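Enquirer: Following this message is one structure expressed as structure tokens.
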Amino acid sequence: QIDLVESGGGSVQAGGSLRLSCTISSDTYSPFCMAWFRQGPDKEREGIASIRRDDTTNYAESVQGRFTISKDNAKNTLHLQMNGLLPEDSAMYYCAADSGLILDIAMLASEMYAYWGRGTQVSVSS
């Protein structure tokens with residue numbers, strides 16, 4: 001059983017920052033790729049940032065330059081530093097992981113990930 005648990009969500013004003021974390025419950029599971037997705041009200045789930053075991057990263061245009069994904073291999077934890085937050089960033093944020101090979105072009109595709117967290121809410125007010 002692999003569980004992903006997100007934390008760090010909250011409410012901030014536009015221009016503020018938040019740092020999300022995602023912890024994998026298993027000490028032995030080593031994902032090939034991890035990612036952050038988000039889903040706002042009445043919107044489809046969107047892949048926004050991903051990182052592979054070789055530290056290759058991929059970002060959606062909507063967050064490029066504002067968000068940074070990173071991982072702590074020793075603690076089996078994924079992070080998302082979010083700066084310059086905008087009201088349109090308000091959403092439920094989910095982390096995802098998979099041990100299979102994921103090519104660059106597919107790193108933000110939700111169907112590539114087998115394991116998902118339950119999400120953490122981010123609300124940005126104007």
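Chain labels A, B, ... are given in the sequence in which chains occur in the structure tokens; within each chain residues are numbered consecutively from 1, and ligands are likewise numbered from 1 in the order shown.
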Residues of stretch 76-97 of chain A that approach stretch 35-52 of chain A to 7 Å or less, counting only C-alpha atoms: could you list each one with the shortest pair of atoms and its distance in Å to one decimal, rows by chain and increasing residue number, as JSON lines?
Expert:
```
{"residue": "A:Ser90", "atom": "CA", "partner": "A:Gly40", "partner_atom": "CA", "distance": 6.4}
{"residue": "A:Ala91", "atom": "CA", "partner": "A:Gly40", "partner_atom": "CA", "distance": 4.1}
{"residue": "A:Met92", "atom": "CA", "partner": "A:Gln39", "partner_atom": "CA", "distance": 5.3}
{"residue": "A:Tyr93", "atom": "CA", "partner": "A:Arg38", "partner_atom": "CA", "distance": 4.3}
{"residue": "A:Tyr94", "atom": "CA", "partner": "A:Phe37", "partner_atom": "CA", "distance": 5.1}
{"residue": "A:Cys95", "atom": "CA", "partner": "A:Trp36", "partner_atom": "CA", "distance": 4.5}
{"residue": "A:Ala96", "atom": "CA", "partner": "A:Ala35", "partner_atom": "CA", "distance": 5.2}
{"residue": "A:Ala97", "atom": "CA", "partner": "A:Ala35", "partner_atom": "CA", "distance": 6.5}
```
Enquirer: Just the strand (DSSP E) stuff from stretch 27-101 of chain A, please, per backbone DSSP, written as a PyMOL selection string.
Expert: chain A and resi 33-39+46-52+57-59+67-72+77-82+91-98
Enquirer: Env of A:Leu18: 7 Å cut, atoms = only C-alpha atoms, seq-sep filter 6 positions within chain, self excluded. Answer as a list in words.
Expert: Gly8, Gln81, Met82 and Asn83 of chain A
Enquirer: Residues within 6 Å of stretch 68-79 of chain A, please, as a ChimeraX atom specification. Count only C-alpha atoms; anything in the same chain fewer than 5 positions from it doesn't count.
Expert: /A:20-24
Enquirer: Just write the chosen residues, all heavy atoms, as a PDB file, in the first residue's frame.
Expert:
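This went into result-v4.pdb:
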```pdb
ATOM      1  N   LEU A  20       4.033  23.601  -0.708  1.00  0.00           N
ATOM      2  CA  LEU A  20       3.336  22.337  -0.540  1.00  0.00           C
ATOM      3  C   LEU A  20       4.342  21.199  -0.386  1.00  0.00           C
ATOM      4  O   LEU A  20       5.421  21.238  -0.967  1.00  0.00           O
ATOM      5  CB  LEU A  20       2.431  22.049  -1.730  1.00  0.00           C
ATOM      6  CG  LEU A  20       1.407  23.117  -2.114  1.00  0.00           C
ATOM      7  CD1 LEU A  20       0.532  22.611  -3.251  1.00  0.00           C
ATOM      8  CD2 LEU A  20       0.574  23.541  -0.923  1.00  0.00           C
ATOM      9  N   SER A  21       3.951  20.210   0.392  1.00  0.00           N
ATOM     10  CA  SER A  21       4.779  19.020   0.556  1.00  0.00           C
ATOM     11  C   SER A  21       3.931  17.780   0.336  1.00  0.00           C
ATOM     12  O   SER A  21       2.716  17.793   0.571  1.00  0.00           O
ATOM     13  CB  SER A  21       5.397  18.971   1.950  1.00  0.00           C
ATOM     14  OG  SER A  21       6.270  20.060   2.156  1.00  0.00           O
ATOM     15  N   CYS A  22       4.575  16.724  -0.113  1.00  0.00           N
ATOM     16  CA  CYS A  22       3.903  15.445  -0.318  1.00  0.00           C
ATOM     17  C   CYS A  22       4.836  14.355   0.188  1.00  0.00           C
ATOM     18  O   CYS A  22       5.960  14.224  -0.312  1.00  0.00           O
ATOM     19  CB  CYS A  22       3.593  15.245  -1.790  1.00  0.00           C
ATOM     20  SG  CYS A  22       2.962  13.606  -2.212  1.00  0.00           S
ATOM     21  N   THR A  23       4.364  13.604   1.142  1.00  0.00           N
ATOM     22  CA  THR A  23       5.182  12.546   1.735  1.00  0.00           C
ATOM     23  C   THR A  23       4.657  11.182   1.313  1.00  0.00           C
ATOM     24  O   THR A  23       3.456  10.925   1.367  1.00  0.00           O
ATOM     25  CB  THR A  23       5.170  12.652   3.266  1.00  0.00           C
ATOM     26  OG1 THR A  23       5.664  13.933   3.646  1.00  0.00           O
ATOM     27  CG2 THR A  23       6.049  11.580   3.882  1.00  0.00           C
ATOM     28  N   ILE A  24       5.580  10.315   0.896  1.00  0.00           N
ATOM     29  CA  ILE A  24       5.223   8.950   0.527  1.00  0.00           C
ATOM     30  C   ILE A  24       5.331   8.071   1.765  1.00  0.00           C
ATOM     31  O   ILE A  24       6.337   8.117   2.475  1.00  0.00           O
ATOM     32  CB  ILE A  24       6.158   8.420  -0.577  1.00  0.00           C
ATOM     33  CG1 ILE A  24       6.082   9.332  -1.799  1.00  0.00           C
ATOM     34  CG2 ILE A  24       5.815   6.993  -0.960  1.00  0.00           C
ATOM     35  CD1 ILE A  24       7.061   8.950  -2.894  1.00  0.00           C
TER      36      ILE A  24
END
```
Enquirer: A:Cys33, A:Leu85, A:Val12, A:Val5: which is nearest A:Leu103, counting only C-alpha atoms?
Expert: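 Closest to A:Leu103 of all the choices is A:Cys33.
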Enquirer: Find, counting only C-alpha atoms, the residue in A:Leu86, A:Thr120, A:Gly10, A:Ala60 that gets nearest to A:Leu108.
Expert: A:Ala60
Enquirer: What is the distance, in Å and to one decimal place, between atom CA of A:Asn58 and atom CA of A:Ser26?
Expert: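 Between atom CA of A:Asn58 and atom CA of A:Ser26 the gap is 24.8 Å.
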Enquirer: Suppose you want the space between atom CA of A:Ser7 and atom CA of A:Trp116; what is it in Å?
Expert: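 Distance reported for this atom pair: 13.4 Å.
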Enquirer: Would you work out the distance separating atom CA of A:Val124 from atom CA of A:Gln13, expressed in Å to one decimal?
Expert: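 That distance, rounded to one decimal, is 5.3 Å.
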Enquirer: List as a VMD selection string the protein and nucleic acid residues near A:Asp98, meaning an atom at most 6 Å away when only C-alpha atoms are counted, but skip any in the same chain fewer than 6 places from it.
Expert: chain A and resid 31 to 33 113 to 114
Enquirer: Check the smallest atom-to-atom distance from each of A:Ser110, A:Arg66, A:Tyr115, A:Val122 to A:Ser25 using only C-alpha atoms, then report the winner.
Expert: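 Residue with the minimum atom-to-atom distance to A:Ser25: A:Tyr115.
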